[in-house]
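**Student:** Got a structure for you, written out below as structure tokens; questions coming shortly.
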Amino acid sequence: MKRRSLLMIGLLIVSMFFNYSTVLANEENPENQGLAEDALSGVLIEQNTGKILFDKDAHEQLPPASMTKIMTLLLIMEALEAEKITKEDMVVVSEYAASMGGSQVFLEAGEEMSVNDLIKGIAIASGNDASVAMAEMIAGTEEEFVKEMNKRAEELDLENTHFANTTGLPATDHYSSAYDMAVMTRELLKYEDITNYTSIYEDYLRQGEEDEFWLVNTNKLIRSYTGADGMKTGYTNEAKYCLTATAKRNDMRLVAVVMGAETPKERNKMVSGLLDYGFQSYQTKQLFAKEETVMELDKIKAKPHSFDIVTEQAVHSLYKKGQEEPAVTTDVSIQEDWEFPIKKGTVVGELTVKENNEPVHSTPLVVKEDITEASVLELSKRSLQKMVKSGD
């Protein structure tokens, strides 16, 4: 998959950027005092740059409850992108999946439901049964799917996360952190289709049938907070009330996480306060649009001979309102070794954004189209054309 083809150096650079961005944490910003005061931990991150705008014990290991399903949804979206599954595929619900307690959409053993409807069940109603059904469909068993979850956490360099199930139900050795949840959410948001699910306030499963089931979103902010369109709530006695929320206004998207609130009302209020702070205090400026051409490459063995390298995601700079914009520059690094064929969307380099000559964040660069290896005849024609030109 294209997201797993990132160069190792890219992961190291991204990690460095996140560490660098902690200078914006609340200790150095007096106006942050009072935010998420009654939470065990919290974090506010700007989606595009990854900059941390607020940090309260954001790396503390805590039970994430149903926010676990952010990783479950990420692996589902990646399986869709890799064409391992389609939204129209029908999933047969196992007895084990149907037996899940806690939040559920009341699937019956032997029932068939589409991938699309099961995603709704997870994203809207936080269905534990739907999560396990999808895990079994993709990996064979929930246990194997959990291994993939932990592998993906390692790839994202999440140092304070370990999963024991797909649901967030209480389990030994199942934990995450506010920061890690924000990073998972940033990765999930690369799939723009996800907010088409997480922004739905109410919907139905088996609509029009005798066992019709009404879905109501557990994240009430999508109805009460301007721009909110995700992402995932969580509650257990151990975890208390948790929420990872996303909201977008104009070109800026924020990710706010609160863990360990005493009541859902307090949780929602603290998350709203974090989002308010971010939107009121910061603004972004677009440097590159999504899939904008950064450079054109010529490769003698490639077909086509010339092809575009584009941004995987839009690229922005972020700065505080009322302050002078920083001097922004960009650097491009492209892989040296090329082997064809290369599938459209494969990561082949990185664009690094610098502010006042310091690197602050990066975005992958990808090929805009499928690239195959040129035939012997095509290579001969190119060599002949090159000889003719050199003789002119």
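Scheme for the structure tokens: letters A, B, ... for chains in order shown; per-chain residue numbers from 1; ligand numbers from 1 in order shown.
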Would you list the contacts of Glu262 (chain A) as a ChimeraX atom specification, taking every protein, DNA or RNA residue within 7 Å and counting only C-alpha atoms, but skipping same-chain residues closer than 2 positions in sequence?
**Tutor:** /A:240-241,260,266
**Student:** Gly102 (chain A): which residues within 9 Å, counting only C-alpha atoms, same-chain residues fewer than 4 positions away excluded, as a PyMOL selection string?
**Tutor:** chain A and resi 127-129+169
**Student:** Counting only C-alpha atoms, which residue out of A:Lys56, A:Lys220, A:Lys120, A:Lys381 sits closest to Lys301 (chain A)?
**Tutor:**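 Ranking A:Lys56, A:Lys220, A:Lys120, A:Lys381 by distance to Lys301 (chain A), first place goes to A:Lys381.
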**Student:** Residues near Ile119 (chain A), anyone? I mean within 12 Å using only C-alpha atoms, not counting same-chain ones fewer than 3 positions away, as a ChimeraX atom specification.
**Tutor:** /A:69-70,72-77,80,86-89,91,105,113-116,122-135,193-198,200,205,215
**Student:** Please, which residues of region 34-277 of chain A, numbered as in this document, come out helix (DSSP H, G or I) from DSSP, as an MDAnalysis selection string?
**Tutor:** chainID A and resid 65:81 95:98 115:123 128:139 142:155 178:188 192:198 221:224 264:277
**Student:** With only C-alpha atoms as the basis for distance, which of A:Lys344, A:Lys290, A:Lys265, A:Lys147 is at the shortest distance from Thr166 (chain A)?
**Tutor:**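 Looking only at the distances to Thr166 (chain A), the closest residue turns out to be A:Lys147.
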**Student:** Kindly indicate which residue among A:Leu62, A:Val183, A:Ala39, A:Ala109 lies nearest to Val93 (chain A), using only C-alpha atoms for the distances.
**Tutor:**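 Smallest separation from Val93 (chain A) among the options: A:Ala109.
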**Student:** I want to know what sits within 9 Å of Arg267 (chain A), based on only C-alpha atoms, with residues of the same chain fewer than 4 positions away left out; could you give that as a PyMOL selection string?
**Tutor:** chain A and resi 36+38-39+241-243+258-263+271-272
**Student:** Which is closer to Met90 (chain A) than all the others in A:Gln104, A:Val353, A:Thr141, A:Leu118, using only C-alpha atoms?
**Tutor:** A:Leu118
**Student:** Which is closest to Glu339 (chain A) among A:Glu78, A:Ile371, A:Leu287, A:Leu156, if we use only C-alpha atoms?
**Tutor:**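 Selected residue with least distance to Glu339 (chain A): A:Ile371.
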**Student:** Give me, please, the distance in Å between CA of Gly110 (chain A) and CA of Arg206 (chain A), quoted to one decimal.
**Tutor:**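 Separating CA of Gly110 (chain A) from CA of Arg206 (chain A) is a distance of 14.8 Å.
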**Student:** Nearest residue to Gly345 (chain A) out of A:Ala374, A:Leu365, A:Leu275, A:Ala314, using only C-alpha atoms?
**Tutor:**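 Under the stated criterion, the closest residue is A:Leu365.
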**Student:** What separation in Å, quoted to one decimal, exists between CA of Ser224 (chain A) and CA of Glu37 (chain A)?
**Tutor:**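 Computing it gives 21.4 Å between the two atoms.
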**Student:** Extract, using only C-alpha atoms, all DNA, RNA and protein residues at most 8 Å from Lys368 (chain A), discarding same-chain residues fewer than 4 positions from it, and format them as a PyMOL selection string.
**Tutor:** chain A and resi 291+307-310+344-345
**Student:** May I ask for the distance between CA of His59 (chain A) and CA of Lys248 (chain A), given in Å to one decimal place?
**Tutor:**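 Result for CA of His59 (chain A) versus CA of Lys248 (chain A): 24.5 Å, one decimal.
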